[in-house]
Amino acid sequence: MQIKINNKKYTVKNGETILDVCRRKNIPVATLCSFEGLSRGGACRLCLVETNKTEKLVTSCTTKVCEGLEVFIESEKVQKARRINLELLWADHAGKCVTCKKNRMCELQKLAEEYRIENFHFVPRRGEMTSKEELNLVHDNWSRVVVENDNPCVSRNSEFCVECRRCISICPEKKFGFNNRAGDVIVGTPYEKVLDCSFCGECVRACPTAALTDQNNLEKIASDLSDLKKLSVAVFDFGILDKIKEQIKNITPEQNLEKLFFALGFERIINLKDEDKNREDEIIKNVKTTDAKREKIDPRNIRTFFISSKISKKAQKSEFLDYVLTDREVARLVRDAGKIVTGKIKNNTRL
Amino acid sequence: MKDIKILTNYWGKINPLKIEDYLGVGGYSALKKFIEKMNQQKALGEIKSSSLCGRGGAGFPTGQKWEVVAKNSIKEKYFICNFDESEPGTYKDRMIVENNPHLLLEGIIIAALTIGAKKAYVYINGNYETQKDILENAILEAQKNKFLGEKILGSKYFLEIEIFSGAGAYICGEETALINSIEGNRGEPKIRPPYPTEKGLFGKPTVINNAETVANIPFIIQNGGKKYAAIGSKNSPGTKIFILGGAVKNKGVIEAPTGITIREAIETLGRGLPRGKDFWFAQVGGASGRLATEKELDEKLDYGKNNNIPLGSGTILVVDKSINIYDLLLSWTGFFRRESCGKCIPCREGTFRLNEIIERLADGEISQRDKEAMQDILWTLESTTFCPLGKFAAVATRDAVDKLEILKD
């Protein structure tokens with residue numbers, strides 16, 4: 001059947017939602033709560049569109065296409081709804097981008113940029129507050145923030161949470177849920193206990209903001225990497241290179257990626273191959289034992305890094321394995337190191 | 001005004017803890033009639049011809065709801081009596097149970113049997129502890145008298161009633177949130193469709209009726225739908241329990257036919273304003289109700305689709321000119337700021353911001369930016385929220401802005 005989106009005709013399949021069609025045809029629709037194949041709840045209200053079927057705005061993620069449907073994605077009403085709702089969300093969030101772990105990798109920031117949330121109608125919850133009552137308000141707002149770094153893998157900070165529910169729906173162990181209600185709502189664990197699960201890392205992957213991030217100490221890592229007395233050895237998990245390429249989009253040939261790692265301060269790179277599966281621990285151990293002995297390097301001067309998308313590895317750090325970095329963290333190291341110019345990274349040049 | 005009492009006629013005359021009292025005034029005869037002389041189809045026909053519509057606020061035709069579920073061939077069905085009642089200023093359902101619990105019970109039994117449910121729930125507001133005790137006692141007594149359980153009055157019918165106590169959240173009065181709550185999930189609305197009549201409790205067809213609606217059923221079965229349809233307003237016949245509060249002489253719950261005007265409700269049922277009080281406006285339907293100024297006092301109180309002032313839950317709060325409007329605004333917006341479930345952005349953030357701006361307004365510190373933001377928030381609450389709670393949250397404040405001109409300098 002055919003439908004019209006922004007007055008252009010599109011052929012669609014029965015049972016598809018408006019958002020499905022838009023994604024397939026690369027028509028941009030703002031959305032936060034719908035992620036990959038997760039069940040769609042229409043909770044974020046950012047993907048609202050106008051149709052010829054009803055006066056009301058409908059969520060494109062839950063509305064199925066039907067014969068004769070005409071969709072308007074950029075009508076005045078849609079733009080107004082999106083602006084106000086994004087502003088409201090942004091007002092709960094604003095002013096922390098510069099120091100944020102996810103700066104320039106954040107979906108909310110991207111939305112705010114794309115839809116120009118700059119003319120601010122709401123008083124920010126933190127900035128511009130002087131009177132005593134307003135300061136009390138700030139206090140109230142702060143009290144609803146939960147920060148948890150006690151588990152080895154996932155760093156949680158509900159201050160950055162946009163309550164999109166992706167982590168709730170994606171978690172195979174159903175570890176997350178809504179605590180409290182209304183403006184006090186916190187996405188967290190039951191009774192705010194320390195997160196304890198198999199650490200598959202799906203929630204971190206799904207989180208659009210910095211509410212759920214990889215647990216690490218990037219500052220220490222960066223200083224270890226730049227310490228010339230220490231030998232930094234990176235062990236690449238099988239298949240991780242492609243994931244890193246996804247994160248850092250302007251790097252394409254594999255050669256450049258290796259150069260990039262040298263530029264970041266790694267001195268040696270070991271690529272795990274298909275046959276090395278399940279032997280990763282042994283290979284990592286060899287770096288500080290047999291390899292070090294052969295080359296007469298004090299193991300104390302070696303830092304081993306395992307580059308893998310499995311964040312559960314973070315719980316298995318040992319005397320032989322100092323750091324575990326995910327593809328996202330590598331992207332952050334690159335971001336923090338400075339501007340990358342594709343193809344111009346010279347061997348062993350520090351960024 | 002016709003003096004018809006369907007729900008309140010035995011209030012104060014019978015002991016709510018004794019089934020004998022209710023039986024003494026002809027109680028459970030509608031159930032007997034249903035079992036001995038009627039079948040499910042006929043009972044459904046009576047409800048449909050009575051044009052009874054939901055008393056919770058939305059005014060959806062009850063018969064239509066029942067028909068969808070009754071016609072469904074799936075065997076497992078549920079009936080839920082919505083006794084969550086948490087609209088501020090509304091306590092009609094509570095009074096029904098406190099004064100005549102068996103009337104409600106009889107209604108539930110007939111309703112559940114008519115749609116073919118074998119299990120019925122009473123979803124009770126978590127704050128209603130005394131009322132829960134009364135209902136539990138009533139259920140036990142009804143079981144003893146064979147009105148409940150297996151082989152009701154010797155027939156093939158079977159019904160079990162369970163009282164489910166919520167935690168007192170306003171949103172759980174919304175059908176899908178209520179279902180979530182009984183299922184053990186967080187009390188927040190689900191996406192519709194599917195409607196509860198198709199996929200409700202545990203995914204099975206479910207009818208959810210407000211307690212006051214259910215309490216009308218025995219009368220309709222006993223006297224016929226046509227007789228009921230002749231009472232009150234044409235589009236939503238019957239009687240309605242009005243809850244009068246604020247600046248009226250006669251406060252409390254009063255039953256009257258639908259279709260009376262707001263003026264009649266205030267002057268006749270409420271016996272007017274106390275001496276020295278000057279009428280300002282009346283809020284009809286609780287905290288989510290619209291404000292009726294002098295001009296709108298001749299609006300009818302019924303569930304007509306195009307009513308300017310929707311009846312809602314039937315609460316009428318009369319406000320006189322000595323009242324500080326900011327106190328009321330803080331109360332309304334504070335209520336929704338607490339009771340929003342937090343699921344969608346416009347409601348979670350909007351109710352929070354609205355309350356914040358009203359606080360500044362009350363302190364006389366409102367800025368031009370606040371005024372613009374307030375218009376934006378009200379619009380987004382009205383047009384973009386997930387469930388009707390957002391719309392409700394904006395109603396009273398919107399009317400205060402438009403009709404009372406609170407933002408005018």
# chains A, B, ... in the order shown; residues from 1 in each chain; ligands from 1
>>> residues_around(residues="Ser75 (chain A)", least_positions_apart="2", cutoff="9 Å", atoms="only C-alpha atoms", output="PyMOL selection string")
chain A and resi 6+49-50+72-73+77-80
>>> interface_residues(of="chain A", to="chain B", cutoff="9 Å", atoms="only C-alpha atoms", output="ChimeraX atom specification")
/A:41-46,48,56-58,62,80-81,84-86,88-89,91-92,120-123,137,162-165,177-178,180-185
>>> write_last_selection(atoms="N, CA and C atoms", output="compact mmCIF listing (two decimals), in the first residue's frame")
# COMPACT_ATOMS: atom_id res chain seq x y z
N GLY A 41 6.96 1.85 23.54
CA GLY A 41 5.90 2.23 24.46
C GLY A 41 5.34 3.62 24.24
N GLY A 42 5.92 4.36 23.34
CA GLY A 42 5.46 5.73 23.12
C GLY A 42 5.65 6.60 24.35
N ALA A 43 6.73 6.36 25.09
CA ALA A 43 6.89 7.06 26.36
C ALA A 43 7.56 8.43 26.23
N CYS A 44 8.44 8.60 25.25
CA CYS A 44 9.19 9.86 25.24
C CYS A 44 8.43 11.00 24.57
N ARG A 45 7.46 10.70 23.78
CA ARG A 45 6.61 11.69 23.11
C ARG A 45 7.39 12.63 22.20
N LEU A 46 8.57 12.23 21.77
CA LEU A 46 9.33 13.09 20.87
C LEU A 46 9.03 12.78 19.41
N LEU A 48 6.22 12.36 18.01
CA LEU A 48 4.86 12.70 17.65
C LEU A 48 4.79 13.26 16.24
N LYS A 56 -5.59 14.66 16.89
CA LYS A 56 -4.55 14.52 17.90
C LYS A 56 -3.21 14.20 17.25
N LEU A 57 -2.14 14.56 17.94
CA LEU A 57 -0.82 14.12 17.52
C LEU A 57 -0.67 12.67 17.93
N VAL A 58 -0.03 11.87 17.08
CA VAL A 58 0.17 10.46 17.43
C VAL A 58 1.65 10.13 17.43
N THR A 62 4.34 3.93 17.49
CA THR A 62 3.30 2.95 17.80
C THR A 62 2.15 2.95 16.80
N LYS A 80 6.17 22.36 17.40
CA LYS A 80 5.92 22.96 18.71
C LYS A 80 6.02 21.91 19.82
N ALA A 81 5.36 20.78 19.59
CA ALA A 81 5.37 19.71 20.59
C ALA A 81 6.79 19.24 20.86
N ILE A 84 8.84 21.97 22.79
CA ILE A 84 8.52 22.11 24.21
C ILE A 84 9.00 20.90 24.99
N ASN A 85 8.73 19.71 24.46
CA ASN A 85 9.11 18.51 25.20
C ASN A 85 10.62 18.34 25.31
N LEU A 86 11.32 18.69 24.24
CA LEU A 86 12.78 18.62 24.31
C LEU A 86 13.32 19.67 25.28
N LEU A 88 11.76 20.84 27.86
CA LEU A 88 11.47 20.35 29.21
C LEU A 88 12.50 19.33 29.66
N LEU A 89 12.85 18.44 28.76
CA LEU A 89 13.81 17.40 29.08
C LEU A 89 15.20 18.02 29.28
N ALA A 91 15.86 21.00 30.14
CA ALA A 91 15.90 21.84 31.34
C ALA A 91 16.24 21.03 32.57
N ASP A 92 15.92 19.75 32.53
CA ASP A 92 16.22 18.87 33.64
C ASP A 92 17.68 18.41 33.57
N PHE A 120 15.85 29.29 25.51
CA PHE A 120 15.40 28.54 26.66
C PHE A 120 14.24 29.22 27.38
N HIS A 121 13.12 28.52 27.49
CA HIS A 121 11.96 29.12 28.15
C HIS A 121 11.87 28.75 29.62
N PHE A 122 12.55 27.70 29.99
CA PHE A 122 12.42 27.24 31.37
C PHE A 122 13.64 27.62 32.17
N VAL A 123 13.39 27.95 33.43
CA VAL A 123 14.52 28.28 34.28
C VAL A 123 15.29 27.00 34.56
N LEU A 137 14.97 24.50 45.97
CA LEU A 137 14.50 23.71 44.84
C LEU A 137 15.64 22.88 44.25
N VAL A 162 17.45 10.23 31.22
CA VAL A 162 16.30 10.89 30.59
C VAL A 162 15.05 10.00 30.66
N GLU A 163 15.10 8.97 31.47
CA GLU A 163 13.96 8.07 31.69
C GLU A 163 13.39 7.52 30.39
N CYS A 164 14.26 7.16 29.47
CA CYS A 164 13.79 6.67 28.17
C CYS A 164 13.38 5.21 28.24
N ARG A 165 13.77 4.50 29.28
CA ARG A 165 13.40 3.11 29.51
C ARG A 165 14.15 2.09 28.67
N GLY A 177 14.26 -0.72 36.90
CA GLY A 177 12.85 -0.35 36.92
C GLY A 177 12.72 1.09 37.35
N PHE A 178 11.48 1.57 37.37
CA PHE A 178 11.24 2.93 37.85
C PHE A 178 11.08 2.90 39.36
N ASN A 180 10.10 5.46 42.66
CA ASN A 180 9.36 6.71 42.93
C ASN A 180 8.46 7.06 41.75
N ARG A 181 7.89 8.26 41.83
CA ARG A 181 7.04 8.64 40.71
C ARG A 181 7.13 10.13 40.43
N ALA A 182 6.38 10.54 39.41
CA ALA A 182 6.34 11.93 38.96
C ALA A 182 7.76 12.48 38.75
N GLY A 183 8.00 13.72 39.16
CA GLY A 183 9.31 14.34 38.92
C GLY A 183 10.43 13.70 39.71
N ASP A 184 10.08 12.85 40.67
CA ASP A 184 11.11 12.20 41.49
C ASP A 184 11.55 10.86 40.93
N VAL A 185 11.05 10.55 39.77
CA VAL A 185 11.29 9.23 39.24
C VAL A 185 12.79 8.98 39.01
>>> select_by_dssp(residues="region 239-321 of chain B", states="strand (DSSP E or B)", output="VMD selection string")
chain B and resid 239 to 246 252 to 257 261 279 to 284 290 to 293 300 315 to 320
>>> residues_around(residues="region 393-397 of chain B", least_positions_apart="3", cutoff="7 Å", atoms="only C-alpha atoms", output="list of chain:residue names")
B:Ser288, B:Gly289, B:Arg290, B:Leu291, B:Leu329, B:Thr333, B:Phe336, B:Leu378, B:Leu381, B:Glu382, B:Leu389, B:Gly390, B:Ala400, B:Val401
>>> write_last_selection(atoms="C-alpha atoms", output="mmCIF file, in the first residue's frame")
data_model
loop_
_atom_site.group_PDB
_atom_site.id
_atom_site.type_symbol
_atom_site.label_atom_id
_atom_site.label_comp_id
_atom_site.auth_asym_id
_atom_site.auth_seq_id
_atom_site.Cartn_x
_atom_site.Cartn_y
_atom_site.Cartn_z
ATOM 1 C CA SER B 288 -9.064 17.907 37.220
ATOM 2 C CA GLY B 289 -12.375 19.714 36.818
ATOM 3 C CA ARG B 290 -13.166 22.840 34.869
ATOM 4 C CA LEU B 291 -14.066 26.127 36.483
ATOM 5 C CA LEU B 329 -3.533 26.693 42.233
ATOM 6 C CA THR B 333 -0.644 21.724 40.486
ATOM 7 C CA PHE B 336 -0.557 16.478 39.772
ATOM 8 C CA LEU B 378 -0.267 23.850 29.391
ATOM 9 C CA LEU B 381 0.075 18.758 28.682
ATOM 10 C CA GLU B 382 -3.143 19.116 26.710
ATOM 11 C CA LEU B 389 -3.664 12.540 33.318
ATOM 12 C CA GLY B 390 -1.641 15.185 31.536
ATOM 13 C CA ALA B 400 -7.714 29.965 35.861
ATOM 14 C CA VAL B 401 -5.512 31.594 33.221
#
>>> closest_residue(among="B:Ile124, B:Leu148, B:Leu140, B:Ile6", to="Ala167 (chain B)", atoms="only C-alpha atoms")
B:Ile124
>>> atom_distance(atom1="CA of Glu85 (chain B)", atom2="CA of Ala362 (chain B)")
29.4 Å
>>> closest_residue(among="A:Gly265, A:Val145, A:Trp90, A:Cys61", to="Lys110 (chain A)", atoms="only C-alpha atoms")
A:Trp90
>>> atom_distance(atom1="CA of Val284 (chain B)", atom2="CA of Ser233 (chain B)")
17.4 Å
>>> select_by_dssp(residues="region 39-106 of chain A", states="helix (DSSP H, G or I)", output="list in words")
Glu76, Lys77, Val78, Gln79, Lys80, Ala81, Arg82, Arg83, Ile84, Asn85, Leu86, Glu87, Leu88, Leu89, Trp90, Ala91, Cys97, Val98 and Thr99 of chain A
>>> write_last_selection(atoms="C-alpha atoms", output="PDB file, in the first residue's frame")
ATOM      1  CA  GLU A  76       3.799  23.563  12.987  1.00  0.00           C
ATOM      2  CA  LYS A  77       2.086  21.545  15.706  1.00  0.00           C
ATOM      3  CA  VAL A  78       4.671  18.768  15.561  1.00  0.00           C
ATOM      4  CA  GLN A  79       7.525  21.238  15.754  1.00  0.00           C
ATOM      5  CA  LYS A  80       5.918  22.963  18.707  1.00  0.00           C
ATOM      6  CA  ALA A  81       5.368  19.705  20.592  1.00  0.00           C
ATOM      7  CA  ARG A  82       8.897  18.559  19.922  1.00  0.00           C
ATOM      8  CA  ARG A  83      10.401  21.890  20.916  1.00  0.00           C
ATOM      9  CA  ILE A  84       8.521  22.113  24.214  1.00  0.00           C
ATOM     10  CA  ASN A  85       9.107  18.509  25.204  1.00  0.00           C
ATOM     11  CA  LEU A  86      12.778  18.622  24.305  1.00  0.00           C
ATOM     12  CA  GLU A  87      13.126  21.902  26.171  1.00  0.00           C
ATOM     13  CA  LEU A  88      11.469  20.350  29.210  1.00  0.00           C
ATOM     14  CA  LEU A  89      13.812  17.399  29.079  1.00  0.00           C
ATOM     15  CA  TRP A  90      16.809  19.580  28.430  1.00  0.00           C
ATOM     16  CA  ALA A  91      15.895  21.842  31.335  1.00  0.00           C
ATOM     17  CA  CYS A  97      27.783  18.753  28.682  1.00  0.00           C
ATOM     18  CA  VAL A  98      31.318  20.068  28.877  1.00  0.00           C
ATOM     19  CA  THR A  99      32.387  17.751  31.673  1.00  0.00           C
TER      20      THR A  99
END
>>> residues_around(residues="Ile152 (chain B)", least_positions_apart="4", cutoff="12 Å", atoms="only C-alpha atoms", output="list in words")
Tyr28, Leu31, Lys32, Phe34, Ile35, Glu36, Glu106, Ile109, Ile110, Leu113, Lys118, Ala142, Gln143, Lys144, Asn145, Lys146, Phe147, Leu148, Lys156, Tyr157, Phe158, Leu159 and Glu160 of chain B
>>> closest_residue(among="A:Asn286, A:Thr209, A:Ser169, A:Gln109", to="Arg156 (chain A)", atoms="only C-alpha atoms")
A:Thr209
>>> atom_distance(atom1="CA of Ile139 (chain B)", atom2="CA of Lys240 (chain B)")
25.2 Å
